[in-house]
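K.L.:
Data file query.cif (mmCIF, C-alpha atoms and all ligand atoms; chains and numbers go by the auth columns) is appended below.
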```cif
data_coords
#
loop_
_atom_site.group_PDB
_atom_site.id
_atom_site.type_symbol
_atom_site.label_atom_id
_atom_site.label_comp_id
_atom_site.label_asym_id
_atom_site.label_seq_id
_atom_site.Cartn_x
_atom_site.Cartn_y
_atom_site.Cartn_z
_atom_site.B_iso_or_equiv
_atom_site.auth_seq_id
_atom_site.auth_asym_id
ATOM 1 C CA MET A 1 15.753 0.452 124.270 0.00 64 A
ATOM 2 C CA ARG A 2 13.098 1.283 121.770 0.00 65 A
ATOM 3 C CA ARG A 3 12.082 4.528 120.113 0.00 66 A
ATOM 4 C CA VAL A 4 8.465 5.452 120.727 0.00 67 A
ATOM 5 C CA TYR A 5 8.324 8.990 119.479 0.00 68 A
ATOM 6 C CA SER A 6 10.022 11.581 117.348 0.00 69 A
ATOM 7 C CA CYS A 7 9.049 15.127 116.526 0.00 70 A
ATOM 8 C CA ASP A 8 10.570 18.378 115.398 0.00 71 A
ATOM 9 C CA SER A 9 10.223 20.069 118.749 0.00 72 A
ATOM 10 C CA VAL A 10 12.556 19.500 121.669 0.00 73 A
ATOM 11 C CA PRO A 11 10.097 20.841 124.268 0.00 74 A
ATOM 12 C CA MET A 12 7.460 18.474 122.871 0.00 75 A
ATOM 13 C CA ALA A 13 9.848 15.531 123.197 0.00 76 A
ATOM 14 C CA TRP A 14 10.483 16.481 126.826 0.00 77 A
ATOM 15 C CA HIS A 15 6.770 16.960 127.354 0.00 78 A
ATOM 16 C CA ILE A 16 6.206 13.378 126.182 0.00 79 A
ATOM 17 C CA ARG A 17 9.041 12.124 128.343 0.00 80 A
ATOM 18 C CA ASN A 18 7.624 13.834 131.427 0.00 81 A
ATOM 19 C CA ILE A 19 4.228 12.313 130.835 0.00 82 A
ATOM 20 C CA LEU A 20 5.721 8.840 130.388 0.00 83 A
ATOM 21 C CA GLU A 21 7.604 9.280 133.638 0.00 84 A
ATOM 22 C CA GLU A 22 4.369 10.220 135.346 0.00 85 A
ATOM 23 C CA HIS A 23 3.066 6.843 134.211 0.00 86 A
ATOM 24 C CA GLY A 24 6.102 5.121 135.623 0.00 87 A
ATOM 25 C CA ILE A 25 7.769 4.505 132.276 0.00 88 A
ATOM 26 C CA TYR A 26 11.460 5.262 132.279 0.00 89 A
ATOM 27 C CA SER A 27 12.385 7.039 129.066 0.00 90 A
ATOM 28 C CA ILE A 28 15.073 9.253 127.651 0.00 91 A
ATOM 29 C CA VAL A 29 15.194 12.030 125.068 0.00 92 A
ATOM 30 C CA LYS A 30 17.775 11.712 122.322 0.00 93 A
ATOM 31 C CA ASN A 31 19.027 14.393 119.965 0.00 94 A
ATOM 32 C CA ASP A 32 17.760 17.238 122.085 0.00 95 A
ATOM 33 C CA LYS A 33 21.173 18.881 121.948 0.00 96 A
ATOM 34 C CA LEU A 34 21.930 18.076 118.331 0.00 97 A
ATOM 35 C CA TYR A 35 18.855 19.957 117.346 0.00 98 A
ATOM 36 C CA SER A 36 20.536 23.264 117.984 0.00 99 A
ATOM 37 C CA ILE A 37 22.980 22.609 115.155 0.00 100 A
ATOM 38 C CA SER A 38 20.373 21.230 112.806 0.00 101 A
ATOM 39 C CA GLY A 39 21.256 23.855 110.257 0.00 102 A
ATOM 40 C CA GLU A 40 24.403 21.934 109.469 0.00 103 A
ATOM 41 C CA ILE A 41 23.017 18.417 109.183 0.00 104 A
ATOM 42 C CA PRO A 42 19.777 17.160 107.625 0.00 105 A
ATOM 43 C CA VAL A 43 16.930 17.822 110.024 0.00 106 A
ATOM 44 C CA SER A 44 15.564 14.308 109.595 0.00 107 A
ATOM 45 C CA GLU A 45 18.741 12.915 111.098 0.00 108 A
ATOM 46 C CA CYS A 46 18.607 14.942 114.253 0.00 109 A
ATOM 47 C CA LEU A 47 14.974 15.108 115.243 0.00 110 A
ATOM 48 C CA PRO A 48 14.416 14.775 118.965 0.00 111 A
ATOM 49 C CA GLU A 49 13.387 11.250 119.860 0.00 112 A
ATOM 50 C CA VAL A 50 11.912 9.642 122.937 0.00 113 A
ATOM 51 C CA TRP A 51 13.100 6.133 123.762 0.00 114 A
ATOM 52 C CA VAL A 52 11.737 3.775 126.351 0.00 115 A
ATOM 53 C CA ARG A 53 14.315 1.776 128.193 0.00 116 A
ATOM 54 C CA ASN A 54 12.202 -1.332 128.575 0.00 117 A
ATOM 55 C CA SER A 55 10.591 -2.581 125.354 0.00 118 A
ATOM 56 C CA LEU A 56 7.821 -4.147 127.422 0.00 119 A
ATOM 57 C CA TYR A 57 6.466 -0.651 127.926 0.00 120 A
ATOM 58 C CA PHE A 58 6.542 0.190 124.241 0.00 121 A
ATOM 59 C CA GLU A 59 2.860 -0.428 123.470 0.00 122 A
ATOM 60 C CA TYR A 60 1.760 1.255 126.688 0.00 123 A
ATOM 61 C CA ALA A 61 3.930 4.264 125.934 0.00 124 A
ATOM 62 C CA LYS A 62 2.524 4.455 122.407 0.00 125 A
ATOM 63 C CA LYS A 63 -1.014 4.574 123.781 0.00 126 A
ATOM 64 C CA ILE A 64 -0.141 7.345 126.190 0.00 127 A
ATOM 65 C CA ILE A 65 1.508 9.363 123.436 0.00 128 A
ATOM 66 C CA GLU A 66 -1.509 8.934 121.167 0.00 129 A
ATOM 67 C CA GLN A 67 -3.646 10.294 123.958 0.00 130 A
ATOM 68 C CA VAL A 68 -1.358 13.248 124.488 0.00 131 A
ATOM 69 C CA GLU A 69 -1.333 14.053 120.791 0.00 132 A
ATOM 70 C CA SER A 70 -5.112 13.906 120.546 0.00 133 A
ATOM 71 C CA GLU A 71 -5.468 16.407 123.344 0.00 134 A
ATOM 72 C CA ASN A 72 -5.044 20.052 122.658 0.00 135 A
ATOM 73 C CA ILE A 73 -2.112 21.289 124.603 0.00 136 A
ATOM 74 C CA GLU A 74 -3.026 24.480 126.330 0.00 137 A
ATOM 75 C CA ASP A 75 -0.228 26.898 125.909 0.00 138 A
ATOM 76 C CA GLU A 76 -1.376 29.688 128.171 0.00 139 A
ATOM 77 C CA ASP A 77 0.700 28.356 131.044 0.00 140 A
ATOM 78 C CA ASP A 78 3.804 27.832 128.989 0.00 141 A
ATOM 79 C CA TRP A 79 6.734 29.686 130.407 0.00 142 A
ATOM 80 C CA CYS A 80 9.926 31.154 129.119 0.00 143 A
ATOM 81 C CA CYS A 81 13.154 30.261 130.874 0.00 144 A
ATOM 82 C CA HIS A 82 14.555 33.256 132.681 0.00 145 A
ATOM 83 C CA ASN A 83 18.045 31.872 132.252 0.00 146 A
ATOM 84 C CA CYS A 84 18.309 30.817 128.605 0.00 147 A
ATOM 85 C CA GLY A 85 15.050 32.109 127.148 0.00 148 A
ATOM 86 C CA GLU A 86 13.821 28.729 125.876 0.00 149 A
ATOM 87 C CA GLN A 87 10.119 27.976 125.763 0.00 150 A
ATOM 88 C CA ASN A 88 8.880 25.361 128.243 0.00 151 A
ATOM 89 C CA TYR A 89 5.552 23.618 128.602 0.00 152 A
ATOM 90 C CA ALA A 90 3.462 24.337 131.657 0.00 153 A
ATOM 91 C CA ASN A 91 4.106 20.953 133.259 0.00 154 A
ATOM 92 C CA PHE A 92 7.873 21.417 133.243 0.00 155 A
ATOM 93 C CA GLY A 93 9.217 22.134 136.700 0.00 156 A
ATOM 94 C CA ALA A 94 12.592 23.021 135.261 0.00 157 A
ATOM 95 C CA CYS A 95 13.912 24.195 131.938 0.00 158 A
ATOM 96 C CA TRP A 96 14.492 21.334 129.466 0.00 159 A
ATOM 97 C CA ASN A 97 17.500 23.128 128.084 0.00 160 A
ATOM 98 C CA CYS A 98 19.482 24.375 131.050 0.00 161 A
ATOM 99 C CA SER A 99 17.702 22.680 133.983 0.00 162 A
ATOM 100 C CA VAL A 100 17.053 25.938 135.794 0.00 163 A
ATOM 101 C CA ALA A 101 13.942 25.641 137.923 0.00 164 A
ATOM 102 C CA ILE A 102 10.856 27.601 137.017 0.00 165 A
ATOM 103 C CA GLN A 103 10.812 31.084 138.456 0.00 166 A
ATOM 104 C CA ALA A 104 8.158 31.608 141.078 0.00 167 A
ATOM 105 C CA ARG A 105 5.164 33.363 139.675 0.00 168 A
ATOM 106 C CA GLU A 106 2.989 35.834 141.488 0.00 169 A
HETATM 107 ZN ZN ZN B . 16.783 27.475 130.422 0.00 1 B
#
```
As structure tokens - that is how I would like this structure written.
Ligand SMILES: [Zn+2]

P.N.:
Amino acid sequence: MRRVYSCDSVPMAWHIRNILEEHGIYSIVKNDKLYSISGEIPVSECLPEVWVRNSLYFEYAKKIIEQVESENIEDEDDWCCHNCGEQNYANFGACWNCSVAIQARE
């Protein structure tokens, strides 16, 4: 297990994870739940992190993330979860927070 990414946004961490998965890299998001109580512990200790399971993919994952960060993320297709109200990126098929699937749009 190796950490490839950390940021101050849980949806962004999940966005990165989804993209890594699309490239066949198995990864997990850590601290995505802790973030909600970040008011009580130093933020730097509970930032969402993305970890790759296999260290062999570390460099590859880093490259992908660099690419993602250099691209401007279009937010016009972002959607709000109808169940919990959290913001989700357009490429999420289900809410990162409560796993409810995206509501069909017209
Ligand atoms: Zn939700």

K.L.:
Between A:Met64, A:Val113, A:Pro74, A:Ile91, which one has atoms that come closest to ligand ZN 1 (chain B), using all atoms listed in the file?

P.N.:
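That would be A:Pro74, the residue with the smallest distance to ligand ZN 1 (chain B).
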
K.L.:
Once the PyMOL selection byres (((not hetatm)) within 10 of (chain B and resi 1)) is applied to the coordinates I shared, what remains selected? I want it as a ChimeraX atom specification.

P.N.:
/A:143-151,157-165

K.L.:
Which residue gives the smallest distance to Arg65 (chain A) among A:Arg116, A:Lys126, A:Arg80, A:Lys93, with only C-alpha atoms counted?

P.N.:
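Among A:Arg116, A:Lys126, A:Arg80, A:Lys93, it is A:Arg116 that comes nearest to Arg65 (chain A).
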
K.L.:
Which residues would end up in the selection if the PyMOL selection byres (((chain A and resi 71) around 8) and not hetatm) were applied here, given that I need the answer as an MDAnalysis selection string?

P.N.:
chainID A and resid 69:70 72:73 110:111

K.L.:
Taking (-0.5, 5.2, 126.5) in the file's coordinates, which residues come within 12 Å, counting all atoms listed in the file, written as a list of chain:residue names?

P.N.:
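Within the cut-off we find A:Val67, A:Tyr68, A:Ile79, A:Arg80, A:Ile82, A:Leu83, A:Glu84, A:Glu85, A:His86, A:Gly87, A:Ile88, A:Tyr120, A:Phe121, A:Glu122, A:Tyr123, A:Ala124, A:Lys125, A:Lys126, A:Ile127, A:Ile128, A:Glu129, A:Gln130, A:Val131, A:Glu132, A:Ser133.
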
K.L.:
Given all atoms listed in the file as the basis, pick out the residue of A:Asp140, A:Arg66, A:Phe155, A:Lys96 nearest to Trp114 (chain A).

P.N.:
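Checking each candidate against Trp114 (chain A), we get A:Arg66 as the closest.
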
K.L.:
Please, what distance in Å, to one decimal, runs between CA of Val92 (chain A) and CA of Ser118 (chain A)?

P.N.:
15.3 Å

K.L.:
As an exercise, work out the distance from CA of Asp141 (chain A) to CA of His78 (chain A) in Å and give it to one decimal place.

P.N.:
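Rounded to one decimal, the two atoms are 11.4 Å apart.
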